[in-house]
>>> print(open('start-v4.pdb').read())   # PDB, C-alpha atoms, pLDDT in the B column
MODEL        1
ATOM      1  CA  MET A   1      74.043 109.169  82.244  1.00 89.00           C
ATOM      2  CA  SER A   2      73.333 110.739  85.620  1.00 94.00           C
ATOM      3  CA  CYS A   3      70.393 109.278  87.494  1.00 95.00           C
ATOM      4  CA  VAL A   4      68.771 108.652  90.849  1.00 95.00           C
ATOM      5  CA  HIS A   5      67.616 105.169  91.855  1.00 95.00           C
ATOM      6  CA  LYS A   6      65.072 105.791  94.612  1.00 94.00           C
ATOM      7  CA  PHE A   7      65.162 103.303  97.457  1.00 94.00           C
ATOM      8  CA  LYS A   8      61.901 101.315  97.425  1.00 92.00           C
ATOM      9  CA  GLY A   9      62.217  99.730 100.840  1.00 86.00           C
ATOM     10  CA  ALA A  10      63.130  96.526 102.537  1.00 79.00           C
ATOM     11  CA  ASP A  11      60.126  94.201 102.905  1.00 71.00           C
ATOM     12  CA  VAL A  12      62.197  91.118 102.087  1.00 76.00           C
ATOM     13  CA  SER A  13      65.308  92.493 100.458  1.00 86.00           C
ATOM     14  CA  PHE A  14      66.472  96.020  99.741  1.00 93.00           C
ATOM     15  CA  GLU A  15      65.084  97.199  96.399  1.00 93.00           C
ATOM     16  CA  TRP A  16      65.472 100.258  94.194  1.00 95.00           C
ATOM     17  CA  GLN A  17      63.502 101.795  91.345  1.00 94.00           C
ATOM     18  CA  GLY A  18      64.988 101.026  87.944  1.00 91.00           C
ATOM     19  CA  VAL A  19      67.197  98.223  89.271  1.00 92.00           C
ATOM     20  CA  VAL A  20      66.694  94.497  88.672  1.00 74.00           C
ATOM     21  CA  TYR A  21      67.762  91.593  90.876  1.00 74.00           C
ATOM     22  CA  GLN A  22      70.008  89.097  89.114  1.00 73.00           C
ATOM     23  CA  ASP A  23      71.295  85.671  89.979  1.00 68.00           C
ATOM     24  CA  TYR A  24      74.916  85.865  91.021  1.00 75.00           C
ATOM     25  CA  GLY A  25      75.759  83.173  88.485  1.00 71.00           C
ATOM     26  CA  SER A  26      78.593  81.526  90.402  1.00 76.00           C
ATOM     27  CA  SER A  27      78.360  77.807  91.168  1.00 79.00           C
ATOM     28  CA  ALA A  28      80.922  78.349  93.937  1.00 85.00           C
ATOM     29  CA  ALA A  29      78.536  80.637  95.858  1.00 89.00           C
ATOM     30  CA  GLN A  30      75.452  79.749  97.897  1.00 92.00           C
ATOM     31  CA  GLY A  31      72.314  81.870  98.247  1.00 92.00           C
ATOM     32  CA  VAL A  32      73.738  85.051  96.719  1.00 93.00           C
ATOM     33  CA  ALA A  33      71.745  87.588  94.682  1.00 92.00           C
ATOM     34  CA  VAL A  34      73.028  90.823  93.205  1.00 94.00           C
ATOM     35  CA  GLN A  35      71.581  94.109  91.978  1.00 95.00           C
ATOM     36  CA  TRP A  36      73.667  96.401  89.800  1.00 94.00           C
ATOM     37  CA  LEU A  37      73.075  99.924  91.146  1.00 96.00           C
ATOM     38  CA  ILE A  38      75.701 101.722  89.056  1.00 96.00           C
ATOM     39  CA  GLY A  39      77.293 100.080  86.045  1.00 93.00           C
ATOM     40  CA  ALA A  40      76.873  99.605  82.310  1.00 90.00           C
ATOM     41  CA  GLN A  41      73.221 100.760  82.385  1.00 90.00           C
ATOM     42  CA  GLU A  42      74.382 104.146  83.737  1.00 93.00           C
ATOM     43  CA  ARG A  43      77.372 104.117  81.347  1.00 94.00           C
ATOM     44  CA  ALA A  44      79.688 104.553  84.319  1.00 95.00           C
ATOM     45  CA  PRO A  45      83.224 104.534  82.886  1.00 95.00           C
ATOM     46  CA  HIS A  46      85.367 104.003  86.002  1.00 95.00           C
ATOM     47  CA  PHE A  47      83.648 101.946  88.679  1.00 96.00           C
ATOM     48  CA  ALA A  48      80.542  99.882  89.353  1.00 96.00           C
ATOM     49  CA  MET A  49      78.431  99.572  92.496  1.00 97.00           C
ATOM     50  CA  ARG A  50      76.467  96.428  93.246  1.00 96.00           C
ATOM     51  CA  TYR A  51      74.214  95.439  96.162  1.00 97.00           C
ATOM     52  CA  PHE A  52      74.499  91.845  97.357  1.00 96.00           C
ATOM     53  CA  GLU A  53      72.229  89.880  99.619  1.00 95.00           C
ATOM     54  CA  ILE A  54      73.252  86.515 101.014  1.00 95.00           C
ATOM     55  CA  GLU A  55      70.633  84.193 102.484  1.00 95.00           C
ATOM     56  CA  PRO A  56      71.117  82.799 106.014  1.00 96.00           C
ATOM     57  CA  GLY A  57      73.799  80.122 105.830  1.00 96.00           C
ATOM     58  CA  GLY A  58      75.032  81.301 102.429  1.00 96.00           C
ATOM     59  CA  TRP A  59      78.413  82.472 101.206  1.00 96.00           C
ATOM     60  CA  THR A  60      80.174  84.138  98.285  1.00 96.00           C
ATOM     61  CA  SER A  61      82.781  82.240  96.296  1.00 95.00           C
ATOM     62  CA  LEU A  62      86.317  82.004  97.675  1.00 96.00           C
ATOM     63  CA  ASP A  63      88.055  84.472  95.365  1.00 95.00           C
ATOM     64  CA  SER A  64      91.425  86.040  94.613  1.00 96.00           C
ATOM     65  CA  HIS A  65      91.714  88.325  91.593  1.00 95.00           C
ATOM     66  CA  GLU A  66      93.306  91.480  90.251  1.00 94.00           C
ATOM     67  CA  HIS A  67      90.459  93.886  90.960  1.00 95.00           C
ATOM     68  CA  ASP A  68      89.813  95.252  94.434  1.00 97.00           C
ATOM     69  CA  HIS A  69      86.525  95.586  96.352  1.00 97.00           C
ATOM     70  CA  GLY A  70      85.081  98.313  98.547  1.00 98.00           C
ATOM     71  CA  VAL A  71      82.329  96.865 100.720  1.00 98.00           C
ATOM     72  CA  VAL A  72      79.807  98.515 103.084  1.00 98.00           C
ATOM     73  CA  ILE A  73      77.581  96.312 105.264  1.00 97.00           C
ATOM     74  CA  LEU A  74      73.967  97.558 105.258  1.00 97.00           C
ATOM     75  CA  LYS A  75      72.097  94.817 107.112  1.00 95.00           C
ATOM     76  CA  GLY A  76      72.514  91.482 108.866  1.00 96.00           C
ATOM     77  CA  ARG A  77      75.533  89.824 110.409  1.00 97.00           C
ATOM     78  CA  GLY A  78      78.342  87.951 108.756  1.00 98.00           C
ATOM     79  CA  ARG A  79      82.043  87.287 108.549  1.00 98.00           C
ATOM     80  CA  VAL A  80      84.698  88.009 105.973  1.00 98.00           C
ATOM     81  CA  LEU A  81      87.839  86.026 105.279  1.00 98.00           C
ATOM     82  CA  LEU A  82      90.695  88.374 104.310  1.00 97.00           C
ATOM     83  CA  GLY A  83      93.861  86.436 103.613  1.00 96.00           C
ATOM     84  CA  ASP A  84      94.656  84.630 106.873  1.00 96.00           C
ATOM     85  CA  ASP A  85      92.288  86.734 109.009  1.00 97.00           C
ATOM     86  CA  GLU A  86      88.561  86.693 109.723  1.00 97.00           C
ATOM     87  CA  PHE A  87      86.414  89.626 110.866  1.00 97.00           C
ATOM     88  CA  ASP A  88      82.836  89.723 112.138  1.00 97.00           C
ATOM     89  CA  LEU A  89      80.661  92.206 110.264  1.00 97.00           C
ATOM     90  CA  SER A  90      77.513  94.200 110.980  1.00 96.00           C
ATOM     91  CA  PHE A  91      75.833  97.460 109.907  1.00 95.00           C
ATOM     92  CA  GLY A  92      78.168 100.194 108.753  1.00 96.00           C
ATOM     93  CA  ASP A  93      81.370  98.164 108.667  1.00 97.00           C
ATOM     94  CA  ILE A  94      83.730  98.942 105.783  1.00 97.00           C
ATOM     95  CA  VAL A  95      85.815  96.205 104.149  1.00 98.00           C
ATOM     96  CA  TYR A  96      88.583  96.976 101.698  1.00 98.00           C
ATOM     97  CA  VAL A  97      89.775  93.913  99.738  1.00 98.00           C
ATOM     98  CA  SER A  98      93.117  94.608  98.052  1.00 97.00           C
ATOM     99  CA  PRO A  99      93.995  93.213  94.615  1.00 97.00           C
ATOM    100  CA  TYR A 100      94.775  89.462  94.822  1.00 97.00           C
ATOM    101  CA  GLU A 101      93.725  89.187  98.497  1.00 98.00           C
ATOM    102  CA  LEU A 102      91.930  85.920  99.161  1.00 98.00           C
ATOM    103  CA  HIS A 103      88.392  86.725 100.367  1.00 98.00           C
ATOM    104  CA  GLN A 104      85.001  85.240 101.097  1.00 98.00           C
ATOM    105  CA  PHE A 105      81.850  86.636 102.741  1.00 98.00           C
ATOM    106  CA  ARG A 106      79.555  84.420 104.812  1.00 98.00           C
ATOM    107  CA  ASN A 107      76.172  85.073 106.386  1.00 98.00           C
ATOM    108  CA  LEU A 108      76.228  84.022 110.054  1.00 96.00           C
ATOM    109  CA  GLY A 109      72.933  85.562 111.139  1.00 95.00           C
ATOM    110  CA  PRO A 110      69.229  84.708 110.993  1.00 95.00           C
ATOM    111  CA  GLU A 111      68.411  87.432 108.441  1.00 95.00           C
ATOM    112  CA  ARG A 112      69.823  88.231 105.035  1.00 95.00           C
ATOM    113  CA  LEU A 113      73.281  89.791 104.939  1.00 97.00           C
ATOM    114  CA  GLY A 114      73.192  92.856 102.681  1.00 97.00           C
ATOM    115  CA  PHE A 115      76.151  94.908 101.473  1.00 98.00           C
ATOM    116  CA  LEU A 116      77.278  97.347  98.819  1.00 98.00           C
ATOM    117  CA  CYS A 117      80.317  96.318  96.768  1.00 98.00           C
ATOM    118  CA  VAL A 118      82.316  98.694  94.560  1.00 98.00           C
ATOM    119  CA  ILE A 119      84.669  97.446  91.853  1.00 97.00           C
ATOM    120  CA  PRO A 120      86.678  99.099  89.116  1.00 96.00           C
ATOM    121  CA  VAL A 121      84.945  98.721  85.742  1.00 90.00           C
ATOM    122  CA  LYS A 122      87.494  96.296  84.380  1.00 71.00           C
ATOM    123  CA  GLY A 123      86.547  93.928  87.194  1.00 44.00           C
ATOM    124  CA  GLU A 124      82.818  93.808  86.400  1.00 46.00           C
ATOM    125  CA  ALA A 125      82.818  90.074  85.741  1.00 45.00           C
ATOM    126  CA  GLU A 126      83.143  89.032  89.394  1.00 45.00           C
TER     127      GLU A 126
ATOM    128  CA  MET B   1      96.267  96.696 102.027  1.00 89.00           C
ATOM    129  CA  SER B   2      93.063  94.866 102.911  1.00 94.00           C
ATOM    130  CA  CYS B   3      91.354  96.038 106.075  1.00 95.00           C
ATOM    131  CA  VAL B   4      88.114  96.370 107.990  1.00 95.00           C
ATOM    132  CA  HIS B   5      87.001  99.709 109.441  1.00 95.00           C
ATOM    133  CA  LYS B   6      84.508  98.773 112.142  1.00 94.00           C
ATOM    134  CA  PHE B   7      81.522 101.079 112.429  1.00 94.00           C
ATOM    135  CA  LYS B   8      81.684 102.875 115.791  1.00 92.00           C
ATOM    136  CA  GLY B   9      78.174 104.260 115.826  1.00 85.00           C
ATOM    137  CA  ALA B  10      76.231 107.398 115.268  1.00 78.00           C
ATOM    138  CA  ASP B  11      75.960 109.496 118.432  1.00 71.00           C
ATOM    139  CA  VAL B  12      76.435 112.736 116.516  1.00 76.00           C
ATOM    140  CA  SER B  13      77.879 111.646 113.199  1.00 86.00           C
ATOM    141  CA  PHE B  14      78.718 108.247 111.767  1.00 93.00           C
ATOM    142  CA  GLU B  15      82.225 107.217 112.818  1.00 93.00           C
ATOM    143  CA  TRP B  16      84.561 104.326 112.064  1.00 95.00           C
ATOM    144  CA  GLN B  17      87.656 102.862 113.720  1.00 94.00           C
ATOM    145  CA  GLY B  18      90.870 103.933 112.010  1.00 91.00           C
ATOM    146  CA  VAL B  19      89.214 106.752 110.087  1.00 92.00           C
ATOM    147  CA  VAL B  20      89.644 110.474 110.763  1.00 74.00           C
ATOM    148  CA  TYR B  21      87.196 113.286 110.082  1.00 74.00           C
ATOM    149  CA  GLN B  22      88.608 116.021 107.872  1.00 72.00           C
ATOM    150  CA  ASP B  23      87.451 119.450 106.874  1.00 68.00           C
ATOM    151  CA  TYR B  24      86.138 119.395 103.347  1.00 75.00           C
ATOM    152  CA  GLY B  25      88.411 122.283 102.481  1.00 71.00           C
ATOM    153  CA  SER B  26      86.195 123.986  99.919  1.00 76.00           C
ATOM    154  CA  SER B  27      85.231 127.605 100.450  1.00 79.00           C
ATOM    155  CA  ALA B  28      82.306 127.057  98.063  1.00 85.00           C
ATOM    156  CA  ALA B  29      80.726 124.524 100.427  1.00 89.00           C
ATOM    157  CA  GLN B  30      78.886 125.107 103.722  1.00 91.00           C
ATOM    158  CA  GLY B  31      78.919 122.799 106.734  1.00 92.00           C
ATOM    159  CA  VAL B  32      80.512 119.805 104.994  1.00 93.00           C
ATOM    160  CA  ALA B  33      82.848 117.289 106.668  1.00 92.00           C
ATOM    161  CA  VAL B  34      84.393 114.230 105.060  1.00 94.00           C
ATOM    162  CA  GLN B  35      85.933 110.952 106.205  1.00 95.00           C
ATOM    163  CA  TRP B  36      88.055 108.904 103.804  1.00 94.00           C
ATOM    164  CA  LEU B  37      86.962 105.292 104.290  1.00 96.00           C
ATOM    165  CA  ILE B  38      88.946 103.790 101.408  1.00 96.00           C
ATOM    166  CA  GLY B  39      91.717 105.705  99.692  1.00 93.00           C
ATOM    167  CA  ALA B  40      95.433 106.393  99.841  1.00 90.00           C
ATOM    168  CA  GLN B  41      95.724 105.025 103.418  1.00 90.00           C
ATOM    169  CA  GLU B  42      94.490 101.640 102.136  1.00 93.00           C
ATOM    170  CA  ARG B  43      96.616 101.987  98.973  1.00 94.00           C
ATOM    171  CA  ALA B  44      93.500 101.495  96.874  1.00 95.00           C
ATOM    172  CA  PRO B  45      94.625 101.799  93.257  1.00 95.00           C
ATOM    173  CA  HIS B  46      91.318 102.262  91.399  1.00 95.00           C
ATOM    174  CA  PHE B  47      88.678 104.039  93.452  1.00 96.00           C
ATOM    175  CA  ALA B  48      88.145 105.869  96.722  1.00 96.00           C
ATOM    176  CA  MET B  49      85.165 105.868  99.080  1.00 97.00           C
ATOM    177  CA  ARG B  50      84.389 108.828 101.306  1.00 96.00           C
ATOM    178  CA  TYR B  51      81.610 109.507 103.826  1.00 97.00           C
ATOM    179  CA  PHE B  52      80.205 113.034 103.851  1.00 96.00           C
ATOM    180  CA  GLU B  53      78.021 114.726 106.417  1.00 95.00           C
ATOM    181  CA  ILE B  54      76.353 118.040 105.722  1.00 95.00           C
ATOM    182  CA  GLU B  55      74.967 120.110 108.578  1.00 95.00           C
ATOM    183  CA  PRO B  56      71.346 121.308 108.475  1.00 96.00           C
ATOM    184  CA  GLY B  57      71.148 124.149 105.956  1.00 96.00           C
ATOM    185  CA  GLY B  58      74.500 123.246 104.393  1.00 96.00           C
ATOM    186  CA  TRP B  59      75.516 122.359 100.863  1.00 96.00           C
ATOM    187  CA  THR B  60      78.367 120.984  98.769  1.00 96.00           C
ATOM    188  CA  SER B  61      80.028 123.138  96.141  1.00 95.00           C
ATOM    189  CA  LEU B  62      78.358 123.497  92.746  1.00 96.00           C
ATOM    190  CA  ASP B  63      80.663 121.283  90.684  1.00 94.00           C
ATOM    191  CA  SER B  64      81.219 119.966  87.185  1.00 96.00           C
ATOM    192  CA  HIS B  65      84.330 117.884  86.513  1.00 95.00           C
ATOM    193  CA  GLU B  66      85.710 114.919  84.612  1.00 94.00           C
ATOM    194  CA  HIS B  67      85.373 112.314  87.345  1.00 95.00           C
ATOM    195  CA  ASP B  68      82.063 110.705  88.186  1.00 97.00           C
ATOM    196  CA  HIS B  69      80.446 110.054  91.588  1.00 97.00           C
ATOM    197  CA  GLY B  70      78.524 107.125  93.018  1.00 98.00           C
ATOM    198  CA  VAL B  71      76.503 108.273  96.033  1.00 98.00           C
ATOM    199  CA  VAL B  72      74.452 106.345  98.607  1.00 98.00           C
ATOM    200  CA  ILE B  73      72.344 108.262 101.125  1.00 97.00           C
ATOM    201  CA  LEU B  74      72.715 106.811 104.639  1.00 97.00           C
ATOM    202  CA  LYS B  75      70.867 109.334 106.812  1.00 95.00           C
ATOM    203  CA  GLY B  76      68.888 112.549 106.749  1.00 96.00           C
ATOM    204  CA  ARG B  77      67.016 114.290 103.975  1.00 97.00           C
ATOM    205  CA  GLY B  78      68.316 116.426 101.163  1.00 98.00           C
ATOM    206  CA  ARG B  79      68.184 117.314  97.511  1.00 98.00           C
ATOM    207  CA  VAL B  80      70.573 116.913  94.627  1.00 98.00           C
ATOM    208  CA  LEU B  81      70.896 119.112  91.575  1.00 98.00           C
ATOM    209  CA  LEU B  82      71.770 117.003  88.513  1.00 97.00           C
ATOM    210  CA  GLY B  83      72.086 119.144  85.412  1.00 96.00           C
ATOM    211  CA  ASP B  84      68.663 120.793  85.005  1.00 96.00           C
ATOM    212  CA  ASP B  85      66.865 118.427  87.391  1.00 97.00           C
ATOM    213  CA  GLU B  86      66.460 118.204  91.149  1.00 97.00           C
ATOM    214  CA  PHE B  87      65.653 115.088  93.190  1.00 97.00           C
ATOM    215  CA  ASP B  88      64.687 114.697  96.846  1.00 97.00           C
ATOM    216  CA  LEU B  89      66.871 112.226  98.715  1.00 97.00           C
ATOM    217  CA  SER B  90      66.539 110.009 101.777  1.00 96.00           C
ATOM    218  CA  PHE B  91      67.917 106.740 103.157  1.00 95.00           C
ATOM    219  CA  GLY B  92      69.050 104.222 100.568  1.00 96.00           C
ATOM    220  CA  ASP B  93      68.747 106.427  97.506  1.00 97.00           C
ATOM    221  CA  ILE B  94      71.478 105.976  94.889  1.00 97.00           C
ATOM    222  CA  VAL B  95      72.767 108.925  92.857  1.00 98.00           C
ATOM    223  CA  TYR B  96      75.034 108.473  89.873  1.00 98.00           C
ATOM    224  CA  VAL B  97      76.708 111.719  88.722  1.00 98.00           C
ATOM    225  CA  SER B  98      78.156 111.318  85.227  1.00 97.00           C
ATOM    226  CA  PRO B  99      81.408 112.960  84.171  1.00 97.00           C
ATOM    227  CA  TYR B 100      80.925 116.725  83.645  1.00 97.00           C
ATOM    228  CA  GLU B 101      77.351 116.723  84.986  1.00 98.00           C
ATOM    229  CA  LEU B 102      76.624 119.839  87.046  1.00 98.00           C
ATOM    230  CA  HIS B 103      75.793 118.740  90.589  1.00 98.00           C
ATOM    231  CA  GLN B 104      75.242 119.981  94.121  1.00 98.00           C
ATOM    232  CA  PHE B 105      73.944 118.308  97.294  1.00 98.00           C
ATOM    233  CA  ARG B 106      71.935 120.259  99.879  1.00 98.00           C
ATOM    234  CA  ASN B 107      70.678 119.310 103.329  1.00 98.00           C
ATOM    235  CA  LEU B 108      66.963 120.130 103.620  1.00 96.00           C
ATOM    236  CA  GLY B 109      66.240 118.334 106.882  1.00 95.00           C
ATOM    237  CA  PRO B 110      66.641 118.982 110.620  1.00 95.00           C
ATOM    238  CA  GLU B 111      69.396 116.382 111.071  1.00 95.00           C
ATOM    239  CA  ARG B 112      72.726 115.872 109.349  1.00 95.00           C
ATOM    240  CA  LEU B 113      72.620 114.533 105.797  1.00 97.00           C
ATOM    241  CA  GLY B 114      75.067 111.617 105.510  1.00 97.00           C
ATOM    242  CA  PHE B 115      76.140 109.825 102.358  1.00 98.00           C
ATOM    243  CA  LEU B 116      78.836 107.630 100.865  1.00 98.00           C
ATOM    244  CA  CYS B 117      80.572 108.968  97.750  1.00 98.00           C
ATOM    245  CA  VAL B 118      82.736 106.834  95.444  1.00 98.00           C
ATOM    246  CA  ILE B 119      85.160 108.381  92.974  1.00 97.00           C
ATOM    247  CA  PRO B 120      87.838 107.015  90.665  1.00 96.00           C
ATOM    248  CA  VAL B 121      91.298 107.501  92.121  1.00 90.00           C
ATOM    249  CA  LYS B 122      92.305 110.145  89.615  1.00 71.00           C
ATOM    250  CA  GLY B 123      89.451 112.292  90.941  1.00 44.00           C
ATOM    251  CA  GLU B 124      90.532 112.227  94.586  1.00 46.00           C
ATOM    252  CA  ALA B 125      90.982 115.976  94.749  1.00 45.00           C
ATOM    253  CA  GLU B 126      87.251 116.803  94.781  1.00 45.00           C
TER     254      GLU B 126
ENDMDL
END
>>> encode(input="start-v4.pdb", output="structure tokens")
Amino acid sequence: MSCVHKFKGADVSFEWQGVVYQDYGSSAAQGVAVQWLIGAQERAPHFAMRYFEIEPGGWTSLDSHEHDHGVVILKGRGRVLLGDDEFDLSFGDIVYVSPYELHQFRNLGPERLGFLCVIPVKGEAE
Amino acid sequence: MSCVHKFKGADVSFEWQGVVYQDYGSSAAQGVAVQWLIGAQERAPHFAMRYFEIEPGGWTSLDSHEHDHGVVILKGRGRVLLGDDEFDLSFGDIVYVSPYELHQFRNLGPERLGFLCVIPVKGEAE
């Protein structure tokens, strides 16, 4: 089902028409909210695209799983753990997380850290 | 192969470390250049992420194919044809192009139109 989700702006967080904020639902994360931009609602068969925002001081869960991630930083400043390495992140940075790579995103700045995250459909749960 | 492609900036076009601009290679397109941000170089098994820039007055080819697209507008102003509909586009807008939906992106503004485009790996050719 092709569609356009118009960008509504960024008063507090980035928001889009036709998209609803959801709790991330992981007890191992802190201050993380997610919007599903492309997924089951659009009947996308191959991949999903989510938008995450992490509050100042927050983090995503420390994960390692079969599905990979494609991440694009859209606002704020943070750091990603990728295996044994850490990288500082800001606008425009691209992070590719391979299958089974240990990873965690943390917000290190005073504003919310916002990023797109693409996953294959079979990895929608995390 | 997990990695970070640091954003280098946007003097003329958006650029990233470790990423090379390529000609789009379609004679049915006008003024289109593409960078592969996540793909074969990263050994990504499920999806690829590209960044397109279209020059003022340019357009992508009029396409309809099995693989779907997830698009995020990052700069400029344009319009997308989706089946029988057209939508104006600017920063932050999300476009989902379903499998076999007729689609074409056009730059309608004075600056380059830049957008991310996700595809499943089996659709890397277009």
>>> resolve_selection(input="start-v4.pdb", expression="the ChimeraX specification (/B :<6) & /A", output="PDB file with C-alpha atoms, in the coordinates of the input")
ATOM      1  CA  MET A   1      74.043 109.169  82.244  1.00 89.00           C
ATOM      2  CA  SER A   2      73.333 110.739  85.620  1.00 94.00           C
ATOM      3  CA  CYS A   3      70.393 109.278  87.494  1.00 95.00           C
ATOM      4  CA  VAL A   4      68.771 108.652  90.849  1.00 95.00           C
ATOM      5  CA  HIS A   5      67.616 105.169  91.855  1.00 95.00           C
ATOM      6  CA  LYS A   6      65.072 105.791  94.612  1.00 94.00           C
ATOM      7  CA  PHE A   7      65.162 103.303  97.457  1.00 94.00           C
ATOM      8  CA  GLY A  92      78.168 100.194 108.753  1.00 96.00           C
ATOM      9  CA  ASP A  93      81.370  98.164 108.667  1.00 97.00           C
ATOM     10  CA  ILE A  94      83.730  98.942 105.783  1.00 97.00           C
ATOM     11  CA  VAL A  95      85.815  96.205 104.149  1.00 98.00           C
ATOM     12  CA  TYR A  96      88.583  96.976 101.698  1.00 98.00           C
ATOM     13  CA  VAL A  97      89.775  93.913  99.738  1.00 98.00           C
ATOM     14  CA  SER A  98      93.117  94.608  98.052  1.00 97.00           C
TER      15      SER A  98
END
>>> resolve_selection(input="start-v4.pdb", expression="the PyMOL selection byres ((chain B and resi 55-63) around 10)", output="PyMOL selection string")
chain B and resi 24+26-33+52-54+64-65+76-81+100-114+126
>>> atom_distance(input="start-v4.pdb", atom1="atom CA of B:Gln41", atom2="atom CA of A:Tyr51")
24.6 Å
>>> calpha_fit_and_write(input="start-v4.pdb", fixed="chain B", moving="chain A", output="compact mmCIF listing (two decimals) with C-alpha atoms, in the coordinates of the input")
# COMPACT_ATOMS: atom_id res chain seq x y z
CA MET A 1 96.27 96.69 102.05
CA SER A 2 93.06 94.87 102.92
CA CYS A 3 91.35 96.04 106.08
CA VAL A 4 88.11 96.36 108.00
CA HIS A 5 87.00 99.70 109.44
CA LYS A 6 84.50 98.76 112.15
CA PHE A 7 81.52 101.07 112.44
CA LYS A 8 81.70 102.86 115.81
CA GLY A 9 78.19 104.24 115.86
CA ALA A 10 76.24 107.38 115.28
CA ASP A 11 75.99 109.50 118.45
CA VAL A 12 76.45 112.75 116.51
CA SER A 13 77.90 111.66 113.21
CA PHE A 14 78.72 108.26 111.77
CA GLU A 15 82.23 107.21 112.82
CA TRP A 16 84.57 104.32 112.07
CA GLN A 17 87.65 102.85 113.71
CA GLY A 18 90.87 103.92 112.01
CA VAL A 19 89.21 106.76 110.10
CA VAL A 20 89.63 110.48 110.78
CA TYR A 21 87.18 113.30 110.08
CA GLN A 22 88.61 116.02 107.86
CA ASP A 23 87.45 119.46 106.86
CA TYR A 24 86.12 119.41 103.33
CA GLY A 25 88.42 122.30 102.46
CA SER A 26 86.19 123.98 99.89
CA SER A 27 85.23 127.63 100.42
CA ALA A 28 82.30 127.06 98.05
CA ALA A 29 80.72 124.53 100.43
CA GLN A 30 78.89 125.10 103.71
CA GLY A 31 78.92 122.79 106.73
CA VAL A 32 80.50 119.80 105.00
CA ALA A 33 82.84 117.28 106.66
CA VAL A 34 84.39 114.22 105.07
CA GLN A 35 85.92 110.94 106.20
CA TRP A 36 88.05 108.92 103.81
CA LEU A 37 86.96 105.29 104.29
CA ILE A 38 88.93 103.78 101.40
CA GLY A 39 91.70 105.70 99.68
CA ALA A 40 95.43 106.38 99.84
CA GLN A 41 95.72 105.01 103.41
CA GLU A 42 94.47 101.62 102.14
CA ARG A 43 96.60 101.97 98.98
CA ALA A 44 93.48 101.49 96.88
CA PRO A 45 94.62 101.80 93.26
CA HIS A 46 91.31 102.26 91.40
CA PHE A 47 88.67 104.04 93.45
CA ALA A 48 88.14 105.87 96.72
CA MET A 49 85.16 105.86 99.08
CA ARG A 50 84.39 108.84 101.29
CA TYR A 51 81.62 109.51 103.83
CA PHE A 52 80.20 113.03 103.86
CA GLU A 53 78.02 114.72 106.42
CA ILE A 54 76.35 118.04 105.72
CA GLU A 55 74.97 120.11 108.59
CA PRO A 56 71.34 121.31 108.47
CA GLY A 57 71.15 124.14 105.95
CA GLY A 58 74.50 123.25 104.39
CA TRP A 59 75.51 122.36 100.86
CA THR A 60 78.37 120.98 98.77
CA SER A 61 80.03 123.15 96.14
CA LEU A 62 78.35 123.50 92.75
CA ASP A 63 80.65 121.29 90.68
CA SER A 64 81.22 119.97 87.17
CA HIS A 65 84.33 117.90 86.50
CA GLU A 66 85.72 114.93 84.62
CA HIS A 67 85.38 112.32 87.35
CA ASP A 68 82.06 110.71 88.18
CA HIS A 69 80.44 110.06 91.58
CA GLY A 70 78.53 107.13 93.02
CA VAL A 71 76.51 108.27 96.02
CA VAL A 72 74.45 106.34 98.61
CA ILE A 73 72.34 108.26 101.13
CA LEU A 74 72.71 106.81 104.65
CA LYS A 75 70.86 109.32 106.82
CA GLY A 76 68.89 112.56 106.75
CA ARG A 77 67.01 114.29 103.97
CA GLY A 78 68.32 116.42 101.17
CA ARG A 79 68.19 117.31 97.51
CA VAL A 80 70.57 116.91 94.62
CA LEU A 81 70.89 119.11 91.57
CA LEU A 82 71.76 116.99 88.51
CA GLY A 83 72.09 119.15 85.42
CA ASP A 84 68.67 120.80 85.00
CA ASP A 85 66.86 118.43 87.39
CA GLU A 86 66.45 118.21 91.16
CA PHE A 87 65.66 115.09 93.20
CA ASP A 88 64.69 114.71 96.85
CA LEU A 89 66.88 112.22 98.71
CA SER A 90 66.53 110.01 101.77
CA PHE A 91 67.93 106.73 103.16
CA GLY A 92 69.04 104.21 100.57
CA ASP A 93 68.75 106.43 97.51
CA ILE A 94 71.47 105.97 94.89
CA VAL A 95 72.77 108.92 92.86
CA TYR A 96 75.03 108.47 89.86
CA VAL A 97 76.71 111.71 88.72
CA SER A 98 78.15 111.32 85.22
CA PRO A 99 81.42 112.97 84.16
CA TYR A 100 80.93 116.74 83.64
CA GLU A 101 77.35 116.72 84.99
CA LEU A 102 76.64 119.83 87.03
CA HIS A 103 75.78 118.75 90.59
CA GLN A 104 75.24 119.99 94.12
CA PHE A 105 73.94 118.31 97.29
CA ARG A 106 71.94 120.26 99.88
CA ASN A 107 70.69 119.31 103.32
CA LEU A 108 66.97 120.13 103.62
CA GLY A 109 66.25 118.34 106.89
CA PRO A 110 66.65 118.98 110.61
CA GLU A 111 69.41 116.38 111.06
CA ARG A 112 72.73 115.88 109.34
CA LEU A 113 72.64 114.53 105.79
CA GLY A 114 75.07 111.61 105.51
CA PHE A 115 76.15 109.82 102.34
CA LEU A 116 78.84 107.62 100.86
CA CYS A 117 80.57 108.95 97.74
CA VAL A 118 82.74 106.84 95.43
CA ILE A 119 85.17 108.39 92.96
CA PRO A 120 87.83 107.03 90.65
CA VAL A 121 91.30 107.51 92.13
CA LYS A 122 92.31 110.16 89.64
CA GLY A 123 89.45 112.29 90.95
CA GLU A 124 90.54 112.24 94.61
CA ALA A 125 90.98 116.00 94.79
CA GLU A 126 87.26 116.83 94.82
>>> atom_distance(input="start-v4.pdb", atom1="atom CA of B:Val34", atom2="atom CA of B:Asp11")
16.5 Å
>>> atom_distance(input="start-v4.pdb", atom1="atom CA of B:Val20", atom2="atom CA of B:Glu66")
26.8 Å
